[in-house]
Amino acid sequence: MLSIHETHTQALERQQAGRRREAETICRQAQAQDPRNADALHLLGMLANEAGQLEAATVRIAEAIHITPWIAPFHNNLGTVLEARGEQHRQAP
């Protein structure tokens, strides 16, 4: 069994190679093992964004932020998706 880091690395490699389905499969398997795997949720969101599924991208990335709010790139990517949707990212007070 691969570590969380190894799984995430494999998924990222697949995404960067344009093999989005394989990346998505790896992320879904990781999420099945750990539903609070923020890296898998974030990457699923980014894959949805690449596929033009902006609502799904927003939901997945927001879930990742809920789990790990200190990861700045997650916030940046959510902002990018919301901007594509014509919305603004508002941080909670």
# chains A, B, ... in the order shown; residues from 1 in each chain; ligands from 1
>>> residues_around(residues="A:Ala56", least_positions_apart="5", cutoff="10 Å", atoms="only C-alpha atoms", output="short mmCIF file (atom, residue, chain, number, x, y, z; two decimals) with N, CA and C atoms, in the first residue's frame")
data_model
loop_
_atom_site.label_atom_id
_atom_site.label_comp_id
_atom_site.auth_asym_id
_atom_site.auth_seq_id
_atom_site.Cartn_x
_atom_site.Cartn_y
_atom_site.Cartn_z
N LEU A 44 -8.95 16.69 -6.93
CA LEU A 44 -10.23 16.41 -7.61
C LEU A 44 -10.88 17.72 -8.06
N GLY A 45 -10.78 18.74 -7.23
CA GLY A 45 -11.31 20.05 -7.61
C GLY A 45 -10.58 20.63 -8.80
N MET A 46 -9.28 20.51 -8.81
CA MET A 46 -8.50 21.04 -9.93
C MET A 46 -8.79 20.26 -11.21
N LEU A 47 -8.98 18.97 -11.09
CA LEU A 47 -9.34 18.17 -12.26
C LEU A 47 -10.71 18.57 -12.79
N ALA A 48 -11.64 18.83 -11.89
CA ALA A 48 -12.97 19.29 -12.30
C ALA A 48 -12.86 20.65 -12.99
N ASN A 49 -12.03 21.52 -12.46
CA ASN A 49 -11.81 22.82 -13.08
C ASN A 49 -11.28 22.66 -14.51
N ALA A 51 -11.77 20.30 -16.45
CA ALA A 51 -12.83 19.73 -17.29
C ALA A 51 -13.98 20.73 -17.49
N ILE A 61 -12.67 21.97 -3.78
CA ILE A 61 -11.60 22.80 -3.23
C ILE A 61 -12.04 23.40 -1.90
N ALA A 62 -13.29 23.82 -1.80
CA ALA A 62 -13.81 24.37 -0.53
C ALA A 62 -13.77 23.30 0.56
#
>>> residues_around(residues="A:Cys27", least_positions_apart="6", cutoff="10 Å", atoms="only C-alpha atoms", output="ChimeraX atom specification")
/A:7-8,10-12,21,33,37,39-44
>>> atom_distance(atom1="atom CA of A:Gln29", atom2="atom CA of A:Gln15")
15.2 Å
>>> select_by_dssp(residues="chain A", states="alpha helix (DSSP H)", output="ChimeraX atom specification")
/A:4-16,20-33,38-50,54-67,72-85
>>> write_last_selection(atoms="C-alpha atoms", output="tab-separated table (two decimals), in the first residue's frame")
chain	number	residue	atom	x	y	z
A	4	ILE	CA	-0.50	9.33	1.26
A	5	HIS	CA	2.45	11.29	-0.13
A	6	GLU	CA	3.24	8.62	-2.74
A	7	THR	CA	-0.42	8.44	-3.78
A	8	HIS	CA	-0.62	12.20	-4.13
A	9	THR	CA	2.63	12.27	-6.13
A	10	GLN	CA	1.31	9.63	-8.52
A	11	ALA	CA	-1.96	11.51	-9.00
A	12	LEU	CA	-0.12	14.78	-9.68
A	13	GLU	CA	2.18	13.08	-12.18
A	14	ARG	CA	-0.82	11.69	-14.04
A	15	GLN	CA	-2.56	15.09	-14.04
A	16	GLN	CA	0.54	16.86	-15.35
A	20	ARG	CA	-6.77	13.13	-15.90
A	21	ARG	CA	-8.88	9.99	-15.63
A	22	GLU	CA	-6.05	8.08	-14.02
A	23	ALA	CA	-5.36	10.99	-11.67
A	24	GLU	CA	-9.03	11.12	-10.74
A	25	THR	CA	-9.13	7.38	-10.08
A	26	ILE	CA	-6.11	7.61	-7.78
A	27	CYS	CA	-7.65	10.55	-5.90
A	28	ARG	CA	-10.98	8.77	-5.49
A	29	GLN	CA	-9.21	5.69	-4.14
A	30	ALA	CA	-7.26	7.87	-1.68
A	31	GLN	CA	-10.47	9.60	-0.63
A	32	ALA	CA	-12.21	6.25	-0.15
A	33	GLN	CA	-9.45	5.28	2.28
A	38	ALA	CA	-7.47	17.31	1.64
A	39	ASP	CA	-4.84	16.79	-1.07
A	40	ALA	CA	-7.09	14.33	-2.89
A	41	LEU	CA	-10.09	16.65	-2.57
A	42	HIS	CA	-8.07	19.61	-3.82
A	43	LEU	CA	-6.73	17.70	-6.81
A	44	LEU	CA	-10.23	16.41	-7.61
A	45	GLY	CA	-11.31	20.05	-7.61
A	46	MET	CA	-8.50	21.04	-9.93
A	47	LEU	CA	-9.34	18.17	-12.26
A	48	ALA	CA	-12.97	19.29	-12.30
A	49	ASN	CA	-11.81	22.82	-13.08
A	50	GLU	CA	-9.74	21.55	-16.02
A	54	LEU	CA	-16.70	24.78	-12.12
A	55	GLU	CA	-19.40	23.97	-9.56
A	56	ALA	CA	-17.79	20.60	-8.73
A	57	ALA	CA	-14.38	22.28	-8.61
A	58	THR	CA	-15.66	24.88	-6.16
A	59	VAL	CA	-17.19	22.26	-3.87
A	60	ARG	CA	-14.11	20.00	-3.79
A	61	ILE	CA	-11.60	22.80	-3.23
A	62	ALA	CA	-13.81	24.37	-0.53
A	63	GLU	CA	-13.96	20.97	1.20
A	64	ALA	CA	-10.16	20.76	1.12
A	65	ILE	CA	-9.95	24.26	2.62
A	66	HIS	CA	-12.40	23.30	5.36
A	67	ILE	CA	-10.09	20.45	6.36
A	72	ALA	CA	-2.57	29.04	0.85
A	73	PRO	CA	-2.51	27.46	-2.65
A	74	PHE	CA	-5.93	25.92	-1.95
A	75	HIS	CA	-7.33	29.41	-1.31
A	76	ASN	CA	-5.61	30.74	-4.41
A	77	ASN	CA	-7.05	27.98	-6.57
A	78	LEU	CA	-10.53	28.48	-5.12
A	79	GLY	CA	-10.22	32.16	-5.98
A	80	THR	CA	-9.25	31.27	-9.54
A	81	VAL	CA	-12.27	28.99	-9.92
A	82	LEU	CA	-14.64	31.52	-8.38
A	83	GLU	CA	-13.26	34.20	-10.67
A	84	ALA	CA	-13.95	31.93	-13.65
A	85	ARG	CA	-17.50	31.59	-12.34
